[in-house]
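Colleague: Structure supplied as work_24.txt; contents: compact mmCIF, C-alpha atoms and all ligand atoms.
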# COMPACT_ATOMS: atom_id res chain seq x y z
CA MET A 25 -9.58 -1.15 -17.40
CA ASP A 26 -6.90 0.47 -19.53
CA THR A 27 -7.56 1.92 -22.95
CA ASN A 28 -5.17 2.18 -25.85
CA ASP A 29 -6.22 4.12 -28.93
CA SER A 30 -3.94 6.56 -30.73
CA SER A 31 -5.65 9.74 -29.42
CA SER A 32 -5.96 8.94 -25.68
CA LEU A 33 -4.32 6.53 -23.29
CA SER A 34 -5.43 5.64 -19.78
CA GLY A 35 -4.07 3.53 -16.94
CA PHE A 36 -5.23 2.78 -13.40
CA GLY A 37 -3.04 2.11 -10.36
CA ALA A 38 -4.86 0.63 -7.36
CA GLY A 39 -4.17 1.81 -3.81
CA LYS A 40 -3.12 -0.91 -1.41
CA VAL A 41 -3.64 -2.13 2.12
CA ILE A 42 -1.04 -4.11 4.03
CA LEU A 43 -2.95 -6.70 6.04
CA LEU A 44 0.18 -8.02 7.76
CA GLY A 45 3.91 -7.40 7.68
CA GLU A 46 4.61 -3.70 6.99
CA HIS A 47 8.15 -2.58 7.89
CA SER A 48 9.51 -6.11 8.45
CA VAL A 49 8.98 -6.57 4.68
CA VAL A 50 11.77 -3.97 4.17
CA TYR A 51 14.13 -6.40 5.97
CA GLY A 52 13.28 -9.39 3.77
CA TYR A 53 10.31 -10.93 5.60
CA PRO A 54 6.93 -11.66 3.97
CA ALA A 55 3.96 -9.29 3.93
CA LEU A 56 0.32 -9.93 3.04
CA ALA A 57 -1.16 -7.08 0.98
CA GLY A 58 -4.16 -6.49 -1.25
CA PRO A 59 -5.52 -3.87 -3.68
CA LEU A 60 -8.17 -1.22 -2.99
CA SER A 61 -10.78 -0.32 -5.58
CA ARG A 62 -9.70 3.31 -5.09
CA GLY A 63 -6.50 4.49 -6.74
CA VAL A 64 -4.88 6.81 -9.28
CA ARG A 65 -6.04 7.24 -12.87
CA ALA A 66 -3.41 8.52 -15.35
CA ARG A 67 -4.29 9.77 -18.83
CA GLY A 68 -2.00 10.36 -21.78
CA GLU A 69 -2.35 12.45 -24.91
CA ALA A 70 -0.03 12.67 -27.91
CA SER A 71 2.68 15.31 -27.48
CA ASN A 72 5.98 16.27 -29.10
CA LYS A 73 7.81 15.44 -25.88
CA CYS A 74 7.42 13.14 -22.89
CA GLN A 75 6.09 15.13 -19.93
CA LEU A 76 4.02 14.97 -16.75
CA VAL A 77 1.43 17.57 -15.76
CA ILE A 78 2.32 18.35 -12.14
CA PRO A 79 -0.61 19.48 -9.93
CA GLU A 80 -0.39 23.14 -8.81
CA ALA A 81 -1.13 22.27 -5.18
CA LEU A 82 2.19 20.42 -4.66
CA THR A 83 5.04 21.96 -2.67
CA ALA A 84 8.38 22.74 -4.35
CA GLU A 85 9.94 19.65 -2.71
CA GLN A 86 7.05 17.37 -3.84
CA ARG A 87 7.32 18.73 -7.40
CA LYS A 88 11.06 18.00 -7.42
CA VAL A 89 10.57 14.40 -6.26
CA LEU A 90 7.71 13.79 -8.69
CA LYS A 91 9.74 15.19 -11.61
CA ALA A 92 12.72 12.98 -10.74
CA ALA A 93 10.47 9.90 -10.36
CA PHE A 94 8.72 10.49 -13.68
CA GLY A 95 12.10 11.11 -15.33
CA ARG A 96 13.25 7.60 -14.35
CA ALA A 97 10.06 5.95 -15.65
CA MET A 98 10.22 8.00 -18.84
CA ALA A 99 13.83 6.91 -19.45
CA ALA A 100 12.88 3.25 -18.82
CA CYS A 101 10.23 3.53 -21.56
CA GLY A 102 12.43 5.33 -24.14
CA GLU A 103 10.78 8.77 -23.69
CA PRO A 104 7.66 8.25 -25.82
CA GLY A 105 5.82 11.40 -27.05
CA VAL A 106 3.05 11.62 -24.47
CA LYS A 107 1.74 14.19 -22.01
CA VAL A 108 0.58 12.44 -18.83
CA SER A 109 -1.88 13.87 -16.31
CA PHE A 110 -3.52 12.16 -13.35
CA ASP A 111 -6.23 12.31 -10.71
CA THR A 112 -7.01 10.19 -7.67
CA ASP A 113 -9.83 9.21 -5.33
CA LEU A 114 -7.35 7.75 -2.81
CA PRO A 115 -6.72 9.58 0.49
CA LEU A 116 -3.13 10.85 0.12
CA SER A 117 -0.25 10.32 2.56
CA MET A 118 -2.28 7.90 4.65
CA GLY A 119 -0.30 4.69 4.12
CA LEU A 120 -2.69 3.52 1.39
CA GLY A 121 -0.06 3.31 -1.34
CA SER A 122 -0.74 6.55 -3.22
CA SER A 123 2.80 6.83 -4.59
CA GLY A 124 2.82 3.17 -5.67
CA ALA A 125 -0.58 3.67 -7.34
CA LEU A 126 0.67 6.80 -9.13
CA SER A 127 3.78 4.93 -10.28
CA VAL A 128 1.69 2.06 -11.67
CA ALA A 129 -0.80 4.37 -13.41
CA CYS A 130 2.03 6.37 -15.07
CA ALA A 131 3.89 3.16 -16.00
CA ARG A 132 0.78 1.80 -17.77
CA VAL A 133 0.36 4.96 -19.85
CA LEU A 134 4.08 5.25 -20.70
CA LEU A 135 4.28 1.60 -21.76
CA GLN A 136 1.18 1.95 -23.94
CA ALA A 137 2.59 5.14 -25.50
CA ALA A 138 5.86 3.31 -26.23
CA GLY A 139 3.87 0.52 -27.93
CA ARG A 140 5.12 -1.97 -25.35
CA LYS A 141 3.31 -4.73 -23.51
CA ALA A 142 1.72 -3.47 -20.29
CA SER A 143 1.70 -6.83 -18.45
CA ALA A 144 1.76 -6.70 -14.62
CA THR A 145 5.48 -7.62 -14.69
CA GLU A 146 6.39 -4.87 -17.20
CA VAL A 147 4.28 -2.33 -15.35
CA ALA A 148 5.85 -3.27 -11.99
CA ALA A 149 9.38 -2.92 -13.43
CA VAL A 150 8.74 0.67 -14.66
CA ALA A 151 6.79 1.63 -11.51
CA TRP A 152 9.73 0.38 -9.40
CA GLU A 153 11.90 3.13 -10.93
CA MET A 154 9.47 5.77 -9.62
CA GLU A 155 8.97 4.16 -6.21
CA GLN A 156 12.70 4.23 -5.46
CA GLU A 157 12.65 8.00 -5.96
CA PHE A 158 9.59 8.42 -3.70
CA HIS A 159 10.68 6.16 -0.85
CA GLY A 160 14.45 5.73 -0.74
CA THR A 161 14.53 2.07 0.34
CA PRO A 162 11.11 0.63 -0.53
CA SER A 163 10.46 -3.10 -0.21
CA GLY A 164 8.44 -3.02 -3.44
CA VAL A 165 5.24 -4.35 -1.83
CA ASP A 166 3.17 -1.24 -2.63
CA HIS A 167 3.68 -1.02 -6.38
CA THR A 168 3.67 -4.82 -6.82
CA THR A 169 0.25 -5.11 -5.12
CA SER A 170 -0.99 -2.21 -7.23
CA ALA A 171 0.28 -3.74 -10.49
CA MET A 172 -1.02 -7.26 -9.72
CA GLU A 173 -4.40 -6.12 -8.28
CA GLN A 174 -4.69 -9.30 -6.18
CA LEU A 175 -4.13 -10.33 -2.57
CA ILE A 176 -0.47 -11.37 -2.45
CA LEU A 177 2.13 -12.72 -0.06
CA TYR A 178 5.14 -10.62 -1.03
CA ARG A 179 8.79 -11.04 -0.10
CA ARG A 180 11.97 -9.33 -1.25
CA LYS A 181 15.30 -10.52 0.08
CA PRO A 182 17.59 -7.56 0.94
CA GLY A 183 19.77 -6.69 -2.06
CA ALA A 184 17.60 -8.64 -4.53
CA GLU A 185 16.49 -6.59 -7.53
CA GLN A 186 12.98 -8.08 -7.67
CA GLY A 187 10.59 -9.26 -4.97
CA ARG A 188 8.46 -12.37 -5.31
CA ALA A 189 4.69 -12.40 -5.02
CA LYS A 190 2.42 -15.39 -4.52
CA VAL A 191 -1.30 -14.88 -5.14
CA VAL A 192 -3.36 -15.82 -2.06
CA GLU A 193 -6.81 -17.15 -3.00
CA SER A 194 -9.64 -16.67 -0.56
CA PRO A 195 -12.81 -18.79 -0.46
CA LYS A 196 -14.48 -16.06 1.63
CA PRO A 197 -14.81 -12.29 1.11
CA VAL A 198 -12.08 -10.46 3.05
CA LYS A 199 -13.88 -7.22 3.98
CA LEU A 200 -12.20 -4.28 5.65
CA VAL A 201 -13.16 -0.92 7.05
CA VAL A 202 -10.37 1.58 6.31
CA VAL A 203 -10.28 4.58 8.66
CA MET A 204 -8.24 7.77 8.31
CA ALA A 205 -6.81 8.44 11.77
CA GLY A 206 -4.95 11.72 11.44
CA ALA A 207 -2.03 13.13 9.46
CA ARG A 208 1.22 11.21 9.52
CA SER A 209 4.88 11.80 8.71
CA PRO A 210 6.22 10.70 5.29
CA THR A 211 6.97 6.96 4.93
CA LYS A 212 10.62 7.79 4.16
CA LEU A 213 11.02 9.34 7.65
CA THR A 214 9.23 6.55 9.56
CA VAL A 215 11.19 3.85 7.72
CA GLY A 216 14.46 5.80 8.23
CA ALA A 217 13.93 6.28 11.99
CA LEU A 218 13.18 2.56 12.43
CA ARG A 219 16.32 1.73 10.42
CA GLU A 220 18.41 3.75 12.90
CA ARG A 221 16.86 1.94 15.90
CA GLN A 222 17.35 -1.48 14.33
CA LYS A 223 21.00 -0.68 13.49
CA ARG A 224 21.64 0.10 17.14
CA TRP A 225 19.73 -2.84 18.65
CA SER A 226 19.84 -5.19 15.68
CA GLU A 227 19.25 -8.52 17.42
CA ARG A 228 16.15 -7.38 19.32
CA TYR A 229 14.58 -5.71 16.29
CA GLN A 230 15.38 -8.62 13.95
CA ARG A 231 13.62 -10.96 16.42
CA ILE A 232 10.45 -8.90 16.13
CA PHE A 233 10.72 -8.60 12.32
CA ARG A 234 11.08 -12.38 12.10
CA GLU A 235 7.98 -12.89 14.27
CA ILE A 236 5.97 -10.45 12.13
CA GLY A 237 7.08 -12.36 9.01
CA LEU A 238 5.73 -15.57 10.57
CA LEU A 239 2.44 -13.82 11.32
CA ALA A 240 2.14 -12.76 7.65
CA SER A 241 2.59 -16.38 6.51
CA GLU A 242 0.09 -17.62 9.13
CA GLY A 243 -2.36 -14.93 8.00
CA ALA A 244 -2.06 -16.08 4.36
CA GLU A 245 -2.85 -19.66 5.45
CA ALA A 246 -5.84 -18.43 7.46
CA VAL A 247 -7.15 -16.60 4.36
CA GLU A 248 -6.75 -19.71 2.19
CA GLU A 249 -8.60 -21.78 4.80
CA GLY A 250 -11.39 -19.18 5.04
CA ASP A 251 -10.64 -18.80 8.77
CA LEU A 252 -11.35 -15.09 9.23
CA GLU A 253 -11.30 -15.33 13.05
CA ALA A 254 -7.70 -16.59 12.86
CA LEU A 255 -6.81 -13.82 10.38
CA GLY A 256 -8.29 -11.24 12.78
CA ASP A 257 -6.28 -12.62 15.69
CA VAL A 258 -3.07 -12.44 13.66
CA MET A 259 -3.85 -8.80 12.78
CA ASN A 260 -4.30 -7.95 16.47
CA VAL A 261 -0.96 -9.53 17.41
CA ASN A 262 0.73 -7.76 14.47
CA HIS A 263 -0.56 -4.40 15.72
CA GLY A 264 0.92 -5.11 19.15
CA LEU A 265 4.33 -5.81 17.61
CA LEU A 266 4.19 -2.69 15.43
CA ALA A 267 3.46 -0.70 18.59
CA ALA A 268 6.44 -2.42 20.25
CA LEU A 269 8.60 -1.20 17.35
CA GLY A 270 7.48 2.37 18.09
CA LEU A 271 5.27 2.65 15.00
CA SER A 272 1.92 3.39 16.60
CA SER A 273 0.52 6.49 18.33
CA PRO A 274 -2.32 7.25 20.79
CA GLY A 275 -4.60 8.20 17.84
CA LEU A 276 -3.90 4.95 15.96
CA ASP A 277 -4.25 2.82 19.12
CA ASP A 278 -7.52 4.52 19.99
CA MET A 279 -8.96 3.79 16.54
CA VAL A 280 -7.81 0.16 16.69
CA HIS A 281 -9.69 -0.25 20.00
CA ARG A 282 -12.78 1.50 18.65
CA LEU A 283 -12.93 -0.89 15.68
CA ARG A 284 -12.52 -3.91 17.95
CA ASN A 285 -15.35 -2.58 20.16
CA MET A 286 -17.50 -2.28 17.02
CA GLY A 287 -17.07 -6.01 16.43
CA ALA A 288 -13.93 -6.16 14.23
CA LEU A 289 -12.45 -9.67 14.10
CA GLY A 290 -9.07 -7.90 14.10
CA ALA A 291 -7.76 -4.35 13.75
CA LYS A 292 -4.36 -2.76 13.22
CA LEU A 293 -2.54 0.18 11.71
CA THR A 294 -1.67 -0.28 8.05
CA GLY A 295 1.27 1.14 6.07
CA ALA A 296 4.06 3.11 7.64
CA GLY A 297 2.20 4.20 10.81
CA GLY A 298 3.93 6.80 13.01
CA ASP A 299 2.00 9.89 14.17
CA GLY A 300 -1.14 8.98 12.22
CA GLY A 301 -2.30 7.31 9.02
CA ALA A 302 -4.82 4.59 8.28
CA VAL A 303 -6.24 1.85 10.51
CA ILE A 304 -8.01 -1.25 9.17
CA GLY A 305 -10.64 -3.47 10.77
CA LEU A 306 -11.68 -6.90 9.46
CA PHE A 307 -15.46 -7.49 9.57
CA HIS A 308 -17.96 -10.12 8.41
CA ASP A 309 -20.26 -7.18 7.60
CA THR A 310 -18.68 -3.74 7.27
CA GLY A 311 -21.99 -1.83 6.96
CA PRO A 312 -22.74 -1.04 10.65
CA ALA A 313 -19.17 0.15 11.42
CA VAL A 314 -19.03 2.41 8.33
CA HIS A 315 -22.45 3.81 9.27
CA GLU A 316 -21.40 4.51 12.88
CA LEU A 317 -18.00 6.03 12.00
CA THR A 318 -19.58 8.25 9.32
CA ARG A 319 -22.22 9.38 11.85
CA LEU A 320 -19.36 10.38 14.17
CA GLY A 321 -17.73 12.40 11.35
CA ILE A 322 -14.75 10.02 11.03
CA ARG A 323 -13.38 9.58 7.48
CA CYS A 324 -13.62 5.93 6.42
CA PHE A 325 -14.65 3.60 3.61
CA ASP A 326 -15.01 -0.13 3.18
CA SER A 327 -13.26 -2.35 0.67
CA GLN A 328 -13.18 -6.03 -0.22
CA LEU A 329 -9.61 -7.23 -0.71
CA ALA A 330 -10.20 -10.78 -1.88
CA GLY A 331 -12.74 -13.57 -2.24
CA PRO A 332 -16.10 -13.83 -4.05
CA ARG A 333 -17.39 -10.32 -4.90
CA SER A 334 -20.85 -9.03 -4.03
CA GLU A 335 -20.98 -5.34 -3.09
CA GLY A 336 -19.30 -2.02 -3.96
CA THR A 337 -17.69 0.35 -1.45
CA ARG A 338 -19.45 2.60 1.08
CA GLY A 339 -18.34 5.60 3.04
CA ALA A 340 -16.44 8.76 2.14
CA ALA A 341 -12.77 9.47 2.43
C1 LIG B 401 4.64 1.27 3.25
O1 LIG B 401 3.38 1.15 2.61
C2 LIG B 401 5.08 -0.07 3.71
C3 LIG B 401 6.42 -0.10 4.44
O2 LIG B 401 6.65 -1.46 4.81
C4 LIG B 401 7.56 0.40 3.57
C5 LIG B 401 7.92 -0.54 2.41
O3 LIG B 401 7.51 -1.70 2.41
O4 LIG B 401 8.63 -0.07 1.52
C6 LIG B 401 6.40 0.73 5.71
Translate this structure into structure tokens?

Modeller:
Amino acid sequence: MDTNDSSSLSGFGAGKVILLGEHSVVYGYPALAGPLSRGVRARGEASNKCQLVIPEALTAEQRKVLKAAFGRAMAACGEPGVKVSFDTDLPLSMGLGSSGALSVACARVLLQAAGRKASATEVAAVAWEMEQEFHGTPSGVDHTTSAMEQLILYRRKPGAEQGRAKVVESPKPVKLVVVMAGARSPTKLTVGALRERQKRWSERYQRIFREIGLLASEGAEAVEEGDLEALGDVMNVNHGLLAALGLSSPGLDDMVHRLRNMGALGAKLTGAGGDGGAVIGLFHDTGPAVHELTRLGIRCFDSQLAGPRSEGTRGAA
């Protein structure tokens, strides 16, 4: 929850998981994505100027990008007098939407400090300014999922300023195990390299993007019908097409197969993929897989993306 008293402000931005449709969503096709309970918490205190406390651990390049991103959000909110700091319990640079979550958390605090409404739409509009600085050509799915905090079918037509999100209701809990499967290259690079390949062989790549878009819509229908087996099958097919696009790696493929062998209804990479990143598995009961992966020393946690709530999260990341 966000607070808003004159002495301290606070805003949360949820991390996200793309269930279906990463990358093709950049080209105008739908993606199915939901929020994690982990994310970024931003805090604000009154100050004579608008500023962001930048963590010491960041590289010079990361500091530069973060400063530029915050500068855009600050300008969009009229530079209110607030000093913003943040912390996170989200694994960083893993394809779990850390920059989108940071953008949403900062947007919430800046809007509160400016005395403006912090509705999901307002928050998403300010966070979008930051995301463009972080990612170059983002589809907008990350920060929109974070701002809405619901399972959504998201689509943004190329060139359109805003994407559209439809909330996908689930009669059943959609439970995932999220596994960290090695370091990966920045999203900007993975998206850029795919853009070059699709420019060269446009027709072939567009065919696959179109197919992935159809899978995302079929997955949303499966969720609404409570057909988790069908959702799992769609996730498996989506992983195969992401691999065909050159977005998987031996480490990601190995983890996908491990999760399937542990009884996942479906498993795939999530987010930008590439050399490493996160893998998700859909389970009726996530407990045994989290227990086994943790025993093997593999970083993971479980999360419920949608449906009736019962339990909290397990595992360490
Ligand atoms: C990154 O979380 C998802 C991508 O589809 C990029 C984007 O949508 O902007 C790879």

Colleague: Pull the neighbourhood of (1.8, -3.2, -18.8) for me: all residues within 9 Å in file coordinates, counting only C-alpha atoms, as a PyMOL selection string.

Modeller: chain A and resi 128+131-136+140-148+150+171

Colleague: If the limit is 8 Å from any atom of ligand LIG 401 (chain B), counting only C-alpha atoms and all ligand atoms, which residues qualify? Return them as a ChimeraX atom specification.

Modeller: /A:40-42,45-50,119-121,159,161-166,211,214-215,294-297

Colleague: Using CA of Pro274 (chain A) and CA of Gly206 (chain A) as the two end points, give the distance in Å to one decimal.

Modeller: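 Between CA of Pro274 (chain A) and CA of Gly206 (chain A) the gap works out to 10.7 Å.
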
Colleague: Can you measure CA of Asp326 (chain A) to CA of Pro210 (chain A) for me? One decimal in Å is fine.

Modeller: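 CA of Pro210 (chain A) lies at a distance of 23.9 Å from CA of Asp326 (chain A).
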
Colleague: When you count all atoms listed in the file, which of these residues is closest to Ala189 (chain A): A:Glu249, A:Ala129, A:Asn72, A:Leu56?

Modeller: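 Under the stated criterion, the closest residue is A:Leu56.
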
Colleague: Just give me the gap between CA of Pro104 (chain A) and CA of Ala137 (chain A) in Å, one decimal is fine.

Modeller: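 It comes out at 6.0 Å.
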
Colleague: Go through A:Tyr51, A:Tyr178, A:Lys199, A:Arg234 one by one, measure the shortest atom-to-atom distance of each to Gly311 (chain A) using all atoms listed in the file, and give the residue with the smallest value.

Modeller: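 Of A:Tyr51, A:Tyr178, A:Lys199, A:Arg234, the one nearest Gly311 (chain A), counting all atoms listed in the file, is A:Lys199.
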